[in-house]
Every structure is written in C-alpha cells, then in structure tokens.
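S.K.: mmCIF, C-alpha atoms, file run10.cif:
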```cif
data_target
loop_
_atom_site.label_atom_id
_atom_site.label_comp_id
_atom_site.auth_asym_id
_atom_site.auth_seq_id
_atom_site.Cartn_x
_atom_site.Cartn_y
_atom_site.Cartn_z
CA MET A 1 10.95 -5.09 -31.19
CA LYS A 2 12.10 -8.05 -29.12
CA HIS A 3 10.84 -11.52 -29.99
CA ALA A 4 9.37 -14.02 -27.60
CA ILE A 5 11.14 -17.32 -26.95
CA PHE A 6 7.98 -19.14 -27.95
CA ALA A 7 4.91 -18.29 -29.98
CA LEU A 8 1.54 -17.88 -28.33
CA SER A 9 -1.54 -18.63 -30.38
CA LEU A 10 -5.18 -17.87 -29.74
CA ILE A 11 -6.98 -21.19 -29.30
CA PRO A 12 -10.73 -20.96 -29.86
CA ALA A 13 -12.92 -22.92 -27.49
CA ALA A 14 -16.38 -24.28 -28.08
CA ALA A 15 -17.49 -23.77 -24.48
CA MET A 16 -16.43 -21.58 -21.62
CA ALA A 17 -13.56 -23.06 -19.61
CA ASP A 18 -13.34 -22.92 -15.83
CA PRO A 19 -12.97 -19.30 -14.69
CA ILE A 20 -9.47 -17.79 -14.52
CA THR A 21 -9.04 -15.57 -11.49
CA PHE A 22 -6.76 -12.72 -12.54
CA ALA A 23 -5.20 -10.40 -9.95
CA TRP A 24 -5.01 -7.17 -11.94
CA THR A 25 -5.80 -3.56 -11.14
CA PRO A 26 -6.26 -0.85 -13.81
CA ASN A 27 -2.90 0.82 -14.36
CA PRO A 28 -0.98 2.76 -17.03
CA GLN A 29 1.52 -0.05 -17.74
CA THR A 30 -0.61 -2.78 -19.33
CA PRO A 31 -2.70 -1.44 -22.23
CA GLN A 32 -2.89 -4.88 -23.82
CA VAL A 33 -5.00 -6.08 -20.88
CA ASP A 34 -7.37 -3.11 -21.28
CA MET A 35 -7.64 -3.73 -25.01
CA ALA A 36 -8.24 -7.46 -24.58
CA LEU A 37 -11.04 -6.69 -22.12
CA ALA A 38 -12.53 -3.88 -24.22
CA GLN A 39 -12.48 -5.96 -27.42
CA GLY A 40 -13.84 -9.09 -25.71
CA TYR A 41 -10.89 -11.24 -26.71
CA PHE A 42 -11.09 -13.44 -23.62
CA ASP A 43 -14.80 -14.09 -24.19
CA GLU A 44 -14.20 -14.82 -27.88
CA ALA A 45 -11.60 -17.40 -26.88
CA GLY A 46 -14.04 -19.13 -24.55
CA LEU A 47 -12.48 -17.88 -21.32
CA GLU A 48 -14.25 -16.49 -18.29
CA VAL A 49 -11.78 -14.10 -16.63
CA GLU A 50 -12.61 -12.84 -13.16
CA LEU A 51 -10.67 -9.71 -12.16
CA VAL A 52 -9.58 -9.22 -8.55
CA ASN A 53 -8.10 -5.89 -7.45
CA PHE A 54 -5.17 -5.55 -5.08
CA ALA A 55 -3.48 -2.43 -3.76
CA SER A 56 -0.05 -3.59 -4.97
CA GLY A 57 1.63 -6.24 -7.06
CA ARG A 58 3.22 -7.64 -3.91
CA GLU A 59 -0.23 -8.27 -2.43
CA ALA A 60 -1.40 -9.84 -5.68
CA PHE A 61 1.65 -12.14 -5.60
CA GLU A 62 0.90 -13.14 -2.01
CA ALA A 63 -2.64 -14.01 -3.06
CA LEU A 64 -1.24 -16.14 -5.88
CA LEU A 65 1.08 -17.99 -3.50
CA GLY A 66 -1.85 -18.50 -1.14
CA GLY A 67 -3.95 -20.12 -3.87
CA GLN A 68 -6.49 -17.28 -4.01
CA VAL A 69 -5.88 -16.36 -7.66
CA ASP A 70 -4.67 -18.14 -10.80
CA ILE A 71 -2.65 -15.35 -12.45
CA ALA A 72 -1.14 -12.23 -10.87
CA PHE A 73 0.17 -9.01 -12.41
CA MET A 74 3.15 -7.33 -10.71
CA ALA A 75 6.59 -5.88 -11.21
CA GLU A 76 9.34 -8.49 -11.37
CA PHE A 77 11.02 -7.74 -8.03
CA PRO A 78 8.73 -9.79 -5.72
CA ALA A 79 9.34 -12.81 -7.97
CA ALA A 80 13.05 -12.72 -7.10
CA THR A 81 12.21 -12.98 -3.40
CA GLY A 82 9.66 -15.70 -4.12
CA ALA A 83 12.21 -17.75 -6.02
CA LEU A 84 14.78 -17.36 -3.23
CA THR A 85 12.31 -18.62 -0.63
CA GLY A 86 11.28 -21.62 -2.74
CA GLN A 87 7.72 -20.55 -3.53
CA ASP A 88 5.83 -22.55 -6.16
CA PHE A 89 4.93 -20.31 -9.11
CA ALA A 90 6.07 -19.49 -12.62
CA ILE A 91 6.53 -16.32 -14.62
CA VAL A 92 4.57 -16.83 -17.83
CA ALA A 93 4.80 -13.44 -19.56
CA ASP A 94 6.60 -10.12 -19.56
CA LEU A 95 4.04 -7.51 -20.63
CA THR A 96 5.94 -4.20 -20.45
CA ARG A 97 9.46 -2.86 -19.91
CA TYR A 98 9.87 0.60 -18.35
CA THR A 99 12.93 2.60 -19.35
CA GLY A 100 12.31 5.84 -17.43
CA SER A 101 13.60 5.03 -13.91
CA ARG A 102 14.91 8.22 -12.34
CA ILE A 103 16.38 9.89 -9.30
CA ILE A 104 14.63 13.15 -8.45
CA GLY A 105 16.25 16.17 -6.86
CA ASN A 106 15.48 19.65 -5.55
CA SER A 107 17.66 22.42 -6.99
CA ASP A 108 17.46 24.25 -3.67
CA GLN A 109 19.18 21.29 -2.02
CA SER A 110 21.80 20.03 -4.46
CA PRO A 111 22.70 19.97 -8.15
CA LEU A 112 21.91 16.76 -10.00
CA ASP A 113 24.01 16.75 -13.14
CA SER A 114 25.48 13.30 -12.43
CA LEU A 115 25.49 10.59 -9.80
CA ALA A 116 28.67 12.12 -8.39
CA ASP A 117 26.52 15.02 -7.12
CA LEU A 118 24.85 12.58 -4.72
CA ASP A 119 28.06 11.44 -3.03
CA GLY A 120 27.63 11.90 0.73
CA LYS A 121 24.08 13.27 0.37
CA ARG A 122 20.80 12.18 1.96
CA ILE A 123 18.64 10.15 -0.42
CA GLY A 124 15.13 8.99 0.41
CA THR A 125 13.66 5.74 -0.89
CA THR A 126 11.58 2.78 0.28
CA LEU A 127 13.92 0.07 1.53
CA GLY A 128 13.54 -3.52 0.42
CA THR A 129 11.81 -2.65 -2.86
CA ASN A 130 12.82 -2.45 -6.50
CA VAL A 131 13.51 1.31 -6.20
CA ASP A 132 15.94 0.53 -3.37
CA TYR A 133 17.63 -1.99 -5.67
CA PHE A 134 17.75 0.63 -8.44
CA LEU A 135 19.38 3.21 -6.17
CA SER A 136 21.88 0.71 -4.75
CA THR A 137 22.86 -0.50 -8.22
CA ALA A 138 23.31 3.04 -9.53
CA MET A 139 25.46 4.06 -6.56
CA THR A 140 27.63 0.97 -6.84
CA GLN A 141 28.22 1.55 -10.54
CA ALA A 142 29.13 5.20 -9.85
CA GLY A 143 31.34 4.33 -6.89
CA ILE A 144 29.60 6.72 -4.51
CA GLU A 145 28.14 6.50 -1.00
CA ALA A 146 25.18 8.30 0.52
CA GLU A 147 22.96 8.34 3.60
CA ILE A 148 19.85 6.35 2.66
CA ILE A 149 16.67 7.49 4.41
CA ASN A 150 13.82 4.96 4.52
CA ALA A 151 10.34 6.39 3.95
CA ALA A 152 6.92 5.23 2.87
CA PRO A 153 6.22 5.83 -0.84
CA GLY A 154 3.78 8.66 -0.19
CA ASP A 155 6.17 10.47 2.15
CA LEU A 156 9.09 10.84 -0.25
CA VAL A 157 7.92 13.80 -2.33
CA PRO A 158 6.92 15.89 0.74
CA ALA A 159 10.31 15.11 2.33
CA LEU A 160 12.11 16.39 -0.76
CA VAL A 161 9.95 19.52 -0.92
CA ARG A 162 10.68 20.28 2.75
CA GLY A 163 14.39 19.72 2.29
CA ASP A 164 14.56 16.74 4.65
CA VAL A 165 16.49 14.89 1.94
CA ASP A 166 18.61 15.98 -1.01
CA ALA A 167 17.10 13.54 -3.51
CA ILE A 168 14.55 10.74 -3.69
CA VAL A 169 14.05 7.52 -5.61
CA PRO A 170 10.27 6.97 -5.59
CA PHE A 171 8.05 4.61 -7.54
CA PRO A 172 7.20 5.86 -11.07
CA THR A 173 3.61 6.64 -10.05
CA PHE A 174 4.99 9.54 -7.98
CA TYR A 175 7.09 11.15 -10.72
CA GLN A 176 4.37 13.47 -11.99
CA GLY A 177 3.43 14.52 -8.46
CA ALA A 178 7.05 15.35 -7.71
CA GLN A 179 7.32 17.51 -10.81
CA GLU A 180 4.12 19.36 -9.96
CA ALA A 181 5.12 19.86 -6.31
CA LEU A 182 8.63 21.10 -7.07
CA GLY A 183 7.88 23.18 -10.15
CA GLU A 184 11.01 25.02 -11.31
CA LEU A 185 13.03 23.35 -8.53
CA TYR A 186 12.48 19.89 -10.07
CA LEU A 187 15.59 18.00 -11.17
CA GLU A 188 15.90 14.45 -12.47
CA LEU A 189 18.63 12.03 -13.39
CA ARG A 190 18.16 8.83 -15.41
CA PRO A 191 21.23 6.66 -14.92
CA GLY A 192 19.79 3.80 -16.98
CA SER A 193 20.88 1.12 -14.53
CA TYR A 194 17.45 -0.48 -14.03
CA ASP A 195 14.43 -1.15 -16.25
CA PRO A 196 11.46 -2.61 -14.34
CA HIS A 197 9.51 -5.38 -16.05
CA TYR A 198 5.77 -5.78 -15.53
CA ILE A 199 5.02 -9.48 -15.56
CA LEU A 200 2.40 -12.18 -15.11
CA ALA A 201 2.95 -15.04 -12.68
CA ALA A 202 0.85 -18.20 -12.61
CA SER A 203 -0.01 -20.70 -9.90
CA PRO A 204 0.79 -24.43 -10.18
CA ASP A 205 -2.90 -25.16 -10.78
CA MET A 206 -2.98 -22.65 -13.63
CA LEU A 207 0.16 -24.14 -15.16
CA ALA A 208 -1.60 -27.50 -15.23
CA ARG A 209 -4.32 -25.89 -17.38
CA GLU A 210 -1.93 -25.51 -20.29
CA ALA A 211 -4.53 -24.97 -23.01
CA ASP A 212 -6.38 -22.30 -21.00
CA LEU A 213 -3.14 -20.52 -20.09
CA THR A 214 -1.98 -20.51 -23.71
CA THR A 215 -5.36 -19.17 -24.81
CA PHE A 216 -5.24 -16.45 -22.14
CA LEU A 217 -1.79 -15.32 -23.25
CA GLY A 218 -2.85 -15.56 -26.88
CA ALA A 219 -5.61 -13.02 -26.23
CA LEU A 220 -2.98 -10.62 -24.86
CA VAL A 221 -0.74 -11.15 -27.88
CA ARG A 222 -3.72 -10.35 -30.08
CA ALA A 223 -4.27 -7.16 -28.07
CA ASP A 224 -0.57 -6.26 -28.43
CA ALA A 225 -1.20 -5.80 -32.13
CA ASP A 226 -4.08 -3.43 -31.39
CA VAL A 227 -1.91 -1.33 -29.06
CA ALA A 228 0.80 -1.06 -31.72
CA ALA A 229 -1.65 -0.28 -34.52
CA ASP A 230 -3.72 2.33 -32.65
CA PRO A 231 -1.97 3.81 -29.58
CA GLN A 232 -4.66 6.51 -29.35
CA ALA A 233 -7.42 3.94 -28.93
CA ALA A 234 -5.27 2.05 -26.43
CA ALA A 235 -4.73 5.21 -24.37
CA GLU A 236 -8.46 5.93 -24.44
CA ALA A 237 -9.20 2.39 -23.20
CA VAL A 238 -6.68 2.71 -20.36
CA SER A 239 -7.93 6.18 -19.39
CA ALA A 240 -11.48 4.82 -19.26
CA SER A 241 -10.44 1.89 -17.06
CA LEU A 242 -8.77 4.41 -14.73
CA SER A 243 -12.08 6.33 -14.54
CA GLY A 244 -10.49 9.27 -16.34
CA ASN A 245 -8.08 9.93 -13.46
CA VAL A 246 -5.18 9.79 -15.94
CA SER A 247 -5.78 11.61 -19.20
CA VAL A 248 -5.01 10.27 -22.64
CA GLU A 249 -2.34 12.96 -23.04
CA ALA A 250 -0.70 12.03 -19.72
CA LEU A 251 -0.66 8.35 -20.71
CA GLN A 252 0.95 9.14 -24.06
CA THR A 253 3.70 11.03 -22.23
CA MET A 254 4.25 8.12 -19.82
CA TRP A 255 4.33 5.65 -22.69
CA GLU A 256 7.35 7.34 -24.22
CA ASP A 257 9.34 5.41 -21.57
CA MET A 258 7.53 2.08 -22.00
CA GLU A 259 8.05 -0.86 -24.34
CA PHE A 260 4.87 -2.90 -24.74
CA GLY A 261 4.61 -6.48 -25.97
CA THR A 262 3.88 -9.86 -24.39
CA ILE A 263 7.23 -11.65 -24.48
CA LEU A 264 9.46 -13.87 -22.36
CA ASN A 265 13.18 -13.24 -22.91
CA SER A 266 16.41 -14.03 -21.10
CA ASP A 267 17.06 -10.41 -20.06
CA LEU A 268 14.28 -10.81 -17.50
CA LEU A 269 16.05 -13.85 -16.06
CA ASP A 270 19.32 -11.93 -15.92
CA LEU A 271 17.60 -9.14 -13.99
CA LEU A 272 16.02 -11.59 -11.54
CA VAL A 273 19.41 -13.17 -10.84
CA SER A 274 20.91 -9.73 -10.24
CA GLU A 275 18.08 -8.79 -7.90
CA ALA A 276 18.28 -12.08 -6.02
CA THR A 277 22.02 -11.61 -5.54
CA TRP A 278 21.38 -8.12 -4.17
CA ILE A 279 18.59 -9.34 -1.85
CA VAL A 280 20.85 -12.01 -0.38
CA GLY A 281 23.68 -9.48 -0.06
CA GLN A 282 21.37 -7.15 1.89
CA GLY A 283 20.56 -9.95 4.31
CA VAL A 284 16.85 -9.76 3.55
CA VAL A 285 16.69 -13.47 2.71
CA ARG A 286 19.15 -16.19 3.65
CA ALA A 287 19.52 -18.31 0.54
CA ASP A 288 21.92 -19.42 -2.17
#
```
Can the structure in the file be given as structure tokens, please?

M.R.:
Amino acid sequence: MKHAIFALSLIPAAAMADPITFAWTPNPQTPQVDMALAQGYFDEAGLEVELVNFASGREAFEALLGGQVDIAFMAEFPAATGALTGQDFAIVADLTRYTGSRIIGNSDQSPLDSLADLDGKRIGTTLGTNVDYFLSTAMTQAGIEAEIINAAPGDLVPALVRGDVDAIVPFPTFYQGAQEALGELYLELRPGSYDPHYILAASPDMLAREADLTTFLGALVRADADVAADPQAAAEAVSASLSGNVSVEALQTMWEDMEFGTILNSDLLDLLVSEATWIVGQGVVRAD
C-alpha cells in the first residue's frame, strides 16, 4: 500500500459549511465515494455535498475551470493539458490507480502475442486522449510503427469485429463489450506502459476553503478503510449507485486491476510530466 505525502484527518464541524459542488458520476473506479455517501460521512463531518453529473471527466474539468463546480472527478490526462495551458486549478487527491490497460485484437485479423505483432498494422484508438498516449508510449518503447485510425470510443469495438482494423486501444469501459462481441476471437495484450490515475481537482475558491477541503478528503480516507475492510459491501454500494447495471461480480473482476486509496504521490506528477511532454510533441498544445 502506498502512503500519502500528507495525512488527511476528519474534522468535525458544529454546523453545516457552505455547500461543496462535486462533479462526480457513479462509476466503477471510486468505491470510496460511494461508501462515504452511503455511510453519511460527509453529513457527519458537517458538509453539504451537492453532486453534479457529467458525461465525461473532461466535461467535469471544464466545468471546474469555468467556476461551475468546486471539485471534479476525472482521469489525470486532462489535467496535463490544463497545466500546459495555464489553467488555475489543483490536484488534491489520487483516488484509484488502474493497472489493466490493454490493447485488444481479433484472432481472425492478426496474432497478438507481443507488441511486435502490431508492427505495420492498423490500430484504432481515439486520438488526443489518454488511450492515444498509452498506445503511442507502448509503440515507442517497442520500437514499432503502425497506421493509427482515429475513431469515436463507441465505434472501436464494431470496427475490430468487422475487420476494419487489426487491433484497438479503447477506454476500459469498453473492454467487457469487446470480449463479449469477439467471443473466442478475443485477444488482449497488457504491455504495462500506462496506469491511469483517477483524481480529484479543486478550484481556486475551494482551495481557499482549506478546512472544508481537508474535511471532505478526510471523509474519503475514512471510506477507504471501509472499502479495504469489506470489499463485498463496497461492491454492493457501487452496484446500487449504478442502478444495478454493473453486477457485484463484474465489479469484483474489474477491481482485480485497481488499487484503491486516497493518496497524493510523486508518481502521479511523473506521469503528468510525461503526458505533457507527449502532448507538446504531438503539437496539440504549444507550450514549454
């Protein structure tokens, strides 16, 4: 278990503080949020937390930058772009690390025993995103080249099934769908070159509310202990928040590739620097 750079304590409050607007949508990656909500830890700490749903972490981040929310949940990649463009925000917590990033193939199209099998092939992904960064990093490390086909996230699995591409690098939410669609033709490769981090970013106004922010994070640290002590209850809470669309069993399988715990370590900074360097190298943002 990694240790946080600083300790976060739960600070009780006699009266409810000003509301904290939290851009968060039910998802499989953040069981500590579900547990904190289910157990009433925010209320116990004297916090009124208002949840606002967004279709993606990128949209939640844009709302944060626009002053619409106080805290936003997202993957780390948009933060690298935000830092490069001089946006005013701060990363205040790293909730979960995902270790199951994969490249998915179709055995009818090409073998997928190693990255070398992808040399010169057609690989579908969504350009300008963290999965594009993952693919680019893996290819560079392997010293291979391929034809990269840009596609919307929902179009990648059908393209692989049809044989339009030899492999795909989709977002993790599409892994199960790919396996179901391909059946016995499903192949996967996990090169281990990229572990997404699921983080919380805060606005300047929220940073100025230091006691409230510390209390908010303290409630999540308290919920971390619940997740570690009773993963079954945590999975049930997450499944309930997802309206039963993801079963407890499916969550437990997903969680084999996830490391939970509210921390803030230097490996996240190292990843952001690597991503920012890649973004500048791709010409997406002109910056130092």

S.K.: Which residue gives the smallest distance to Asn265 in chain A among A:Thr85, A:Thr96, A:Ser241, A:Ser56, with only C-alpha atoms counted?

M.R.: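 The closest residue to Asn265 in chain A is A:Thr96.
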
S.K.: Which distance in Å separates CA of Tyr41 in chain A and CA of Ala79 in chain A, to one decimal?

M.R.: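 Going from CA of Tyr41 in chain A over to CA of Ala79 in chain A, I get 27.6 Å.
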
S.K.: Suppose a student applies the PyMOL selection byres ((chain A and resi 69) around 9) to this structure; what residues should they get, written as a PyMOL selection string?

M.R.: chain A and resi 20-23+52+60-61+63-68+70-72+202-203

S.K.: Please compute the CA of Glu256 in chain A-CA of Ala80 in chain A distance, one decimal, in Å.

M.R.: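 Value for the CA of Glu256 in chain A-CA of Ala80 in chain A distance: 27.0 Å.
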
S.K.: Output the residue selection produced by the PyMOL selection byres ((chain A and resi 180-184) around 10) on the file above, formatted as a PDB file with C-alpha atoms, keeping the file's coordinate frame.

M.R.:
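File expr_16.pdb, as written:
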```pdb
ATOM      1  CA  GLY A 105      16.250  16.170  -6.860  1.00  0.00           C
ATOM      2  CA  ASN A 106      15.480  19.650  -5.550  1.00  0.00           C
ATOM      3  CA  SER A 107      17.660  22.420  -6.990  1.00  0.00           C
ATOM      4  CA  ASP A 108      17.460  24.250  -3.670  1.00  0.00           C
ATOM      5  CA  VAL A 157       7.920  13.800  -2.330  1.00  0.00           C
ATOM      6  CA  PRO A 158       6.920  15.890   0.740  1.00  0.00           C
ATOM      7  CA  LEU A 160      12.110  16.390  -0.760  1.00  0.00           C
ATOM      8  CA  VAL A 161       9.950  19.520  -0.920  1.00  0.00           C
ATOM      9  CA  TYR A 175       7.090  11.150 -10.720  1.00  0.00           C
ATOM     10  CA  GLN A 176       4.370  13.470 -11.990  1.00  0.00           C
ATOM     11  CA  GLY A 177       3.430  14.520  -8.460  1.00  0.00           C
ATOM     12  CA  ALA A 178       7.050  15.350  -7.710  1.00  0.00           C
ATOM     13  CA  GLN A 179       7.320  17.510 -10.810  1.00  0.00           C
ATOM     14  CA  LEU A 185      13.030  23.350  -8.530  1.00  0.00           C
ATOM     15  CA  TYR A 186      12.480  19.890 -10.070  1.00  0.00           C
ATOM     16  CA  LEU A 187      15.590  18.000 -11.170  1.00  0.00           C
TER      17      LEU A 187
END
```

S.K.: Please measure the separation of CA of Ala219 in chain A and CA of Tyr194 in chain A, giving the value in Å to one decimal.

M.R.: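 Calculated distance between CA of Ala219 in chain A and CA of Tyr194 in chain A is 28.9 Å.
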
S.K.: Can you work out which one of A:Lys121, A:Arg162, A:His197, A:Arg58 has the shortest atom-to-atom distance to Met258 in chain A, counting all atoms listed in the file?

M.R.: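 When distances to Met258 in chain A are compared using all atoms listed in the file, the smallest one comes from A:His197.
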